[in-house]
Amino acid sequence: MKRILSLLILMAGALNAENTWPAIVGHSRPFLVQIEYYEALDSPESLSQKREVKRRLSGILFGDEGLIITHASIFPAQLNFLNASLSGSGEPPRDIKVRLADGTMVPAAFVGKDDDYHVAFIRLETDTPPSGVKFNTRYRAHIGDELLLLHLLNSSYQNAAHIQALRINAVQKQLRPVYLADGETRALSFGLVMNTRGQALGVAYTRSNSMGTSASGLIRLRMAADLRALLKKPPVYARKKRDNKKWLGITMQPFTRAMARYYSADTVKGILINTIMEGSPAQQAGLQIGDVITRLGGIRIAAEKYEDMDDFRDRIRSFPSDSARVRFWRDGKMRSAMVHLTATPISQFLADSYEVKSIGFSAKELTKDILLAKNMDFDTQGVWISQVERAGSADLAGLQIGDILLKVNDKPVKTLDSLKKILKGIENGNGSYISLFIRRGAETEFVFVKNVFEEKE
Amino acid sequence: MNPSLRTLLYCLLLPLYMLSAQGMDAQIQKAKNKVFPALVHIQPVKEIYSGGEKQKMQVTGSGVIISADGYLVTNNHVAEKARYVRCTLSSRQEVTARVIGLDPWTDLAVLKLDLEKAGLDEVPYASFGNSRDVDVGQVVMALGSPLGLSRSLSMGVISSVDRYFEDMGDMISPFNLWLQTDAAINPGNSGGPLINLKGEIIGINARAVVFGENLGFAIPSNIVRFVVRQILEKGAVERSYIGVKWQEIGKYRKYVKRKELEGVLVASVDKNSPAEKAGIRAGDLVTAIMGRPVSAVYREELPRIRLLIANQKTGLPLKLNMIRNGAPISLTVITGEQGKFQGTEFNAREWGLSLEELTPRLLKIFQLESGAGVVVSGVKSGSPADKADMRRGDIITLFDGKAVNDLETFKQYYSEAVSDSTRSVMLMLRIKKRNRFALIEGKKN
């Protein structure tokens with residue numbers, strides 16, 4: 001009874017002083033947490049020395065299940081094959097610890113992330129998680145709206161809460177809505193966006209990509225209304241799982257008015273297919289190079305500029321069902337087809353790798369990002385060299401990162417498993433030579449590697 | 001050492017040393033005097049395509065006259081794409097020259113001085129020595145125009161007689177090893193002679209290492225003589241091609257644990273090449289070509305094997321003895337023609353576009369399966385091609401829906417299209433494994 005009373009009094013106090021900054025800070029500070037974690041730094045030149053580096057981020061505790069939303073840079077690996085870079089670690093963050101507002105440290109586990117929204121989720125590993133913020137998911141942001149941003153300063157300021165007033169100065173609608181506000185946030189760059197009464201509306205960050213670079217002077221705001229689906233059901237990362245986004249398997253360009261005139265199809269507006277990838281949903285649906293897609297799932301496709309392509313790609317990636325009706329223009333006629341949308345192929349970060357410690361290299365199964373980068377056929381199967389230990393036996397013999405491994409000791413290598421099988425028999429032959437038949441660019445060659453076992457101490 | 005003995009040695013050494021220095025000086029002067037009058041300062045004006053436009057550029061190089069009637073040798077990279085060539089003889093007389101033949105594969109070129117126009121009957125010339133007799137440590141001199149400073153001489157020794165370079169982009173030397181010297185060689189020395197103390201040309205200076213010191217490289221005179229003779233007889237060096245990349249067997253021997261093994265390994269077989277058609281595969285160990293045993297334990301031995309094949313007539317059967325999976329077999333390859341080093345260029349001026357023919361070399365670089373198409377070598381800023389987002393390296397495959405098989409086809413379609421300036425043309429481009437449509441818009445009425 002006493003507790004309820006004090007709660008009532010507290011609430012009354014909050015209501016009375018709802019527009020004052022001290023009250024807003026006091027109310028919302030508990031939702032801001034500091035996250036410490038270790039990021040694996042895989043060096044392409046070193047197999048044995050696994051380095052990790054301690055990093056800090058801030059995050060926002062939300063809901064009642066101990067979920068925390070933070071920036072996607074907590075796991076920098078690009079999961080999608082189209083944006084993937086060829087180096088970096090595929091290991092998710094480890095040893096995550098969350099410092100709550102009262103100073104207690106609670107361990108947490110990585111849940112998943114969304115590269116399109118640049119947000120990631122972690123979960124506190126405790127049976128009785130503290131309550132988090134309740135986002136208002138109905139708020140529609142407009143240019144000029146007055147907002148508040150609450151975030152944590154870094155440890156040299158004793159993680160003090162920092163509040164600042166913002167206005168939405170620009171709106172970037174395409175792809176996913178991003179609201180931009182003038183200003184700088186400091187150090188731990190993930191904060192809580194509220195209206196002037198202290199109601200939680202969204203999140204803000206200055207980092208725009210995994211490298212942590214920021215557009216100086218601009219804060220990016222993501223509104224809970226746009227994140228609703230993610231907040232309700234955060235993406236779950238699982239190794240080897242396919243990307244949870246869908247794909248069509250084409251590359252495209254705007255079908256411009258000048259092009260429409262060229263084909264005497266002035267009324268046709270849409271996107272022009274210029275490439276169809278082998279084995280893609282588009283190919284299976286019978287789409288062809290030169291087709292102009294005008295509607296997707298009944299929605300008209302605008303495509304005058306290249307940015308419109310992002311919009312279309314975004315629609316495909318987050319398409320609500322597995323099949324989509326596509327209307328397209330071909331040879332002067334409108335046609336339509338059902339496309340069965342499958343999961344986007346994974347990037348090399350999610351591919352299995354196999355380390356051959358004795359001769360100092362590791363190999364990964366070929367993923368679509370590597371095939372694109374290497375200018376190889378999209379349905380090629382095989383294994384590529386992803387790491388070569390500096391000054392190791394393979395390095396000295398001239399093996400290079402990016403080489404495609406075709407044969408080992410004259411036996412063809414089609415998969416990572418076949419490589420494991422072949423090497424199992426060889427690894428005991430200390431001092432002998434192994435023949436690696438590789439492809440580099442348009443040519444093949446043999447690399448003869450001395451099989452050396454380092455003495456174990 | 002015993003002090004008295006040391007004094008004795010000095011007494012013996014000193015006069016000898018002075019004597020040899022005197023002799024050396026005389027030898028240097030004598031050798032220099034034999035070649036110096038034949039030295040040529042070359043200033044070609046080149047026509048190159050840059051940014052989608054034809055542009056002119058003057059470069060400076062060196063050369064050496066090799067016959068009384070005015071033939072001279074220089075580097076291909078000095079003389080290629082030359083619209084006209086201005087030469088200055090060591091007498092400082094200016095004479096124009098024309099290009100007789102180019103050989104990019106050895107970086108050599110033969111030019112002929114226009115003696116008649118210059119009012120000359122004949123010119124002094126230098127003669128070739130035998131580069132096989134050249135040895136490490138031998139004193140040599142480099143003559144030429146380093147950094148444009150004409151009629152310069154530098155001296156040094158031969159540092160190596162069998163330097164091997166892997167091909168790098170346009171810098172290739174598949175058929176020769178290099179003479180390395182510490183005689184100062186700078187840009188502008190290109191095409192000038194490297195001479196011995198007898199005053200004979202033992203090499204043509206062609207390369208230096210940027211930021212390296214005293215690392216110059218010359219093409220051995222025996223290669224030069226061969227190429228010059230071919231160019232004078234046929235206008236070009238005819239070489240046959242089978243499409244095999246060879247690999248030395250030094251480490252292969254260790255892999256198969258046979259120290260005495262002889263032969264050369266097939267590392268790679270080009271797509272659609274004569275070798276592929278003949279059934280040659282990577283991993284075959286070739287032991288004899290036309291009955292002649294071949295072997296390359298070290299990579300320095302590879303140019304000789306490449307040369308052996310290149311020097312065969314094209315279209316002839318070539319018997320290769322080889323070991324495959326431990327068993328001896330023999331296969332016969334019909335030699336093909338070595339493709340052009342550089343394709344013909346074309347300027348589609350109305351579109352602000354320069355184009356290049358797809359040569360076998362480019363096909364390999366772009367990893368293309370078929371030779372159909374033409375490659376964009378430059379785009380002029382603000383031109384119709386630029387507005388259509390065309391870029392250097394794009395390959396044009398379709399022209400208004402019709403296949404562009406080669407440069408000639410493109411030229412034909414292009415000239416038809418530009419005759420009507422209001423006509424728009426839709427091109428299909430290939431960029432790596434992707435395509436893109438590009439609309440070249442016609443002028444609006």
# chains A, B, ... in the order shown; residues from 1 in each chain; ligands from 1
call {"tool": "select_by_dssp", "arguments": {"residues": "region 413-450 of chain A", "states": "alpha helix (DSSP H)", "output": "PyMOL selection string"}}
result
chain A and resi 416-426
call {"tool": "select_by_dssp", "arguments": {"residues": "region 136-291 of chain A", "states": "strand (DSSP E)", "output": "PyMOL selection string"}}
result
chain A and resi 146-152+161-167+170-172+178-182+190-194+200-205+218-223+246-247+250-255+270-276
call {"tool": "residues_around", "arguments": {"residues": "region 371-385 of chain B", "least_positions_apart": "4", "cutoff": "9 Å", "atoms": "only C-alpha atoms", "output": "mmCIF file with N, CA and C atoms, in the first residue's frame"}}
result
data_model
loop_
_atom_site.group_PDB
_atom_site.id
_atom_site.type_symbol
_atom_site.label_atom_id
_atom_site.label_comp_id
_atom_site.auth_asym_id
_atom_site.auth_seq_id
_atom_site.Cartn_x
_atom_site.Cartn_y
_atom_site.Cartn_z
ATOM 1 N N TYR B 49 44.872 8.729 -77.490
ATOM 2 C CA TYR B 49 43.495 9.004 -77.112
ATOM 3 C C TYR B 49 43.446 9.197 -75.616
ATOM 4 N N SER B 50 42.937 10.350 -75.237
ATOM 5 C CA SER B 50 42.844 10.601 -73.813
ATOM 6 C C SER B 50 41.546 11.347 -73.548
ATOM 7 N N GLY B 51 40.799 10.892 -72.571
ATOM 8 C CA GLY B 51 39.522 11.524 -72.244
ATOM 9 C C GLY B 51 38.572 11.556 -73.418
ATOM 10 N N GLY B 52 38.587 10.500 -74.243
ATOM 11 C CA GLY B 52 37.646 10.404 -75.347
ATOM 12 C C GLY B 52 38.008 11.250 -76.544
ATOM 13 N N GLU B 53 39.203 11.851 -76.504
ATOM 14 C CA GLU B 53 39.618 12.715 -77.613
ATOM 15 C C GLU B 53 41.007 12.331 -78.081
ATOM 16 N N GLU B 345 42.468 1.695 -82.527
ATOM 17 C CA GLU B 345 41.616 2.620 -81.785
ATOM 18 C C GLU B 345 40.716 3.397 -82.744
ATOM 19 N N GLU B 350 31.526 12.336 -82.503
ATOM 20 C CA GLU B 350 30.212 12.948 -82.234
ATOM 21 C C GLU B 350 29.706 12.578 -80.838
ATOM 22 N N TRP B 351 30.125 11.437 -80.349
ATOM 23 C CA TRP B 351 29.651 10.979 -79.048
ATOM 24 C C TRP B 351 30.650 11.252 -77.925
ATOM 25 N N GLY B 352 31.854 11.748 -78.300
ATOM 26 C CA GLY B 352 32.889 12.003 -77.292
ATOM 27 C C GLY B 352 33.442 10.734 -76.696
ATOM 28 N N LEU B 353 33.743 9.800 -77.561
ATOM 29 C CA LEU B 353 34.055 8.446 -77.110
ATOM 30 C C LEU B 353 35.265 7.934 -77.885
ATOM 31 N N SER B 354 36.241 7.353 -77.185
ATOM 32 C CA SER B 354 37.272 6.631 -77.919
ATOM 33 C C SER B 354 37.151 5.159 -77.588
ATOM 34 N N LEU B 355 37.389 4.340 -78.601
ATOM 35 C CA LEU B 355 37.137 2.908 -78.479
ATOM 36 C C LEU B 355 38.362 2.125 -78.897
ATOM 37 N N GLU B 356 38.471 0.924 -78.386
ATOM 38 C CA GLU B 356 39.590 0.072 -78.755
ATOM 39 C C GLU B 356 39.081 -1.330 -79.064
ATOM 40 N N GLU B 357 39.713 -1.891 -80.063
ATOM 41 C CA GLU B 357 39.414 -3.260 -80.462
ATOM 42 C C GLU B 357 39.758 -4.215 -79.309
ATOM 43 N N LEU B 358 38.983 -5.279 -79.174
ATOM 44 C CA LEU B 358 39.281 -6.272 -78.134
ATOM 45 C C LEU B 358 40.334 -7.252 -78.651
ATOM 46 N N THR B 359 41.522 -7.209 -78.057
ATOM 47 C CA THR B 359 42.583 -8.137 -78.458
ATOM 48 C C THR B 359 42.558 -9.337 -77.505
ATOM 49 N N PRO B 360 43.223 -10.428 -77.865
ATOM 50 C CA PRO B 360 43.276 -11.576 -76.958
ATOM 51 C C PRO B 360 43.772 -11.193 -75.563
ATOM 52 N N LEU B 362 43.343 -8.280 -74.049
ATOM 53 C CA LEU B 362 42.267 -7.605 -73.319
ATOM 54 C C LEU B 362 41.207 -8.603 -72.866
ATOM 55 N N LEU B 363 40.927 -9.594 -73.727
ATOM 56 C CA LEU B 363 39.938 -10.612 -73.370
ATOM 57 C C LEU B 363 40.344 -11.269 -72.058
ATOM 58 N N ASP B 389 26.375 8.117 -69.020
ATOM 59 C CA ASP B 389 27.123 7.444 -67.946
ATOM 60 C C ASP B 389 28.076 6.370 -68.438
ATOM 61 N N MET B 390 28.587 6.529 -69.639
ATOM 62 C CA MET B 390 29.559 5.540 -70.117
ATOM 63 C C MET B 390 30.908 5.827 -69.490
ATOM 64 N N ARG B 391 31.665 4.762 -69.239
ATOM 65 C CA ARG B 391 32.942 4.899 -68.566
ATOM 66 C C ARG B 391 34.013 4.082 -69.266
ATOM 67 N N ARG B 392 35.254 4.513 -69.059
ATOM 68 C CA ARG B 392 36.404 3.771 -69.562
ATOM 69 C C ARG B 392 36.341 2.329 -69.032
ATOM 70 N N GLY B 393 36.544 1.373 -69.913
ATOM 71 C CA GLY B 393 36.517 -0.028 -69.489
ATOM 72 C C GLY B 393 35.191 -0.715 -69.761
ATOM 73 N N ASP B 394 34.133 0.079 -70.050
ATOM 74 C CA ASP B 394 32.860 -0.537 -70.435
ATOM 75 C C ASP B 394 33.047 -1.241 -71.782
ATOM 76 N N ILE B 395 32.351 -2.341 -71.950
ATOM 77 C CA ILE B 395 32.422 -3.032 -73.238
ATOM 78 C C ILE B 395 31.064 -2.924 -73.924
ATOM 79 N N ILE B 396 31.094 -2.398 -75.143
ATOM 80 C CA ILE B 396 29.834 -2.247 -75.882
ATOM 81 C C ILE B 396 29.528 -3.571 -76.571
ATOM 82 N N THR B 397 28.375 -4.165 -76.243
ATOM 83 C CA THR B 397 28.041 -5.464 -76.835
ATOM 84 C C THR B 397 26.885 -5.376 -77.833
ATOM 85 N N LEU B 398 25.961 -4.448 -77.601
ATOM 86 C CA LEU B 398 24.825 -4.305 -78.522
ATOM 87 C C LEU B 398 24.670 -2.852 -78.958
ATOM 88 N N ALA B 403 24.162 -7.107 -82.494
ATOM 89 C CA ALA B 403 25.434 -7.493 -81.886
ATOM 90 C C ALA B 403 26.592 -6.688 -82.483
ATOM 91 N N VAL B 404 27.466 -6.208 -81.613
ATOM 92 C CA VAL B 404 28.690 -5.534 -82.061
ATOM 93 C C VAL B 404 29.803 -6.569 -82.009
ATOM 94 N N ASN B 405 30.126 -7.155 -83.160
ATOM 95 C CA ASN B 405 31.113 -8.237 -83.150
ATOM 96 C C ASN B 405 32.534 -7.733 -83.023
ATOM 97 N N ASP B 406 32.808 -6.625 -83.705
ATOM 98 C CA ASP B 406 34.165 -6.091 -83.669
ATOM 99 C C ASP B 406 34.126 -4.590 -83.941
ATOM 100 N N LEU B 407 35.289 -3.990 -84.008
ATOM 101 C CA LEU B 407 35.370 -2.549 -84.195
ATOM 102 C C LEU B 407 34.791 -2.121 -85.545
ATOM 103 N N PHE B 410 31.114 -1.896 -85.370
ATOM 104 C CA PHE B 410 30.724 -0.705 -84.625
ATOM 105 C C PHE B 410 30.839 0.531 -85.493
ATOM 106 N N ALA B 438 22.691 2.030 -72.183
ATOM 107 C CA ALA B 438 23.085 3.441 -72.271
ATOM 108 C C ALA B 438 22.432 4.048 -73.504
ATOM 109 N N LEU B 439 21.704 5.102 -73.293
ATOM 110 C CA LEU B 439 21.015 5.756 -74.404
ATOM 111 C C LEU B 439 21.804 6.986 -74.821
ATOM 112 N N ILE B 440 22.300 6.964 -76.060
ATOM 113 C CA ILE B 440 22.954 8.146 -76.621
ATOM 114 C C ILE B 440 21.847 8.951 -77.288
ATOM 115 N N GLU B 441 21.550 10.094 -76.704
ATOM 116 C CA GLU B 441 20.400 10.846 -77.215
ATOM 117 C C GLU B 441 20.756 11.683 -78.434
ATOM 118 N N GLY B 442 19.879 11.602 -79.434
ATOM 119 C CA GLY B 442 20.035 12.440 -80.621
ATOM 120 C C GLY B 442 19.602 13.864 -80.307
#
call {"tool": "closest_residue", "arguments": {"among": "A:Thr367, A:Gln400, A:Thr275, A:Gln283", "to": "chain B", "atoms": "only C-alpha atoms"}}
result
A:Thr275
call {"tool": "interface_residues", "arguments": {"of": "chain B", "to": "chain A", "cutoff": "6 Å", "atoms": "only C-alpha atoms", "output": "PyMOL selection string"}}
result
chain B and resi 255+267-268+364+367+432-436
call {"tool": "write_last_selection", "arguments": {"atoms": "N, CA and C atoms", "output": "mmCIF file, in the first residue's frame"}}
result
data_model
loop_
_atom_site.group_PDB
_atom_site.id
_atom_site.type_symbol
_atom_site.label_atom_id
_atom_site.label_comp_id
_atom_site.auth_asym_id
_atom_site.auth_seq_id
_atom_site.Cartn_x
_atom_site.Cartn_y
_atom_site.Cartn_z
ATOM 1 N N TYR B 255 57.940 -31.763 -54.996
ATOM 2 C CA TYR B 255 56.599 -32.283 -54.735
ATOM 3 C C TYR B 255 56.498 -33.749 -55.174
ATOM 4 N N ALA B 267 51.026 -24.589 -66.674
ATOM 5 C CA ALA B 267 50.350 -23.976 -65.526
ATOM 6 C C ALA B 267 48.927 -23.600 -65.870
ATOM 7 N N SER B 268 48.725 -23.164 -67.107
ATOM 8 C CA SER B 268 47.419 -22.660 -67.482
ATOM 9 C C SER B 268 47.246 -22.803 -68.988
ATOM 10 N N LYS B 364 41.635 -11.509 -71.935
ATOM 11 C CA LYS B 364 42.149 -12.152 -70.726
ATOM 12 C C LYS B 364 42.009 -11.213 -69.532
ATOM 13 N N GLN B 367 38.566 -10.977 -68.553
ATOM 14 C CA GLN B 367 38.015 -12.318 -68.330
ATOM 15 C C GLN B 367 36.727 -12.535 -69.113
ATOM 16 N N LYS B 432 32.147 -5.945 -66.053
ATOM 17 C CA LYS B 432 32.337 -7.228 -65.355
ATOM 18 C C LYS B 432 31.216 -8.181 -65.756
ATOM 19 N N LYS B 433 30.488 -8.743 -64.786
ATOM 20 C CA LYS B 433 29.442 -9.709 -65.144
ATOM 21 C C LYS B 433 28.078 -9.039 -65.293
ATOM 22 N N ARG B 434 28.059 -7.713 -65.250
ATOM 23 C CA ARG B 434 26.777 -7.028 -65.323
ATOM 24 C C ARG B 434 26.606 -6.281 -66.637
ATOM 25 N N ASN B 435 25.372 -6.043 -66.994
ATOM 26 C CA ASN B 435 25.078 -5.249 -68.179
ATOM 27 C C ASN B 435 24.500 -3.913 -67.756
ATOM 28 N N ARG B 436 24.526 -2.970 -68.678
ATOM 29 C CA ARG B 436 23.826 -1.713 -68.452
ATOM 30 C C ARG B 436 23.411 -1.149 -69.800
#
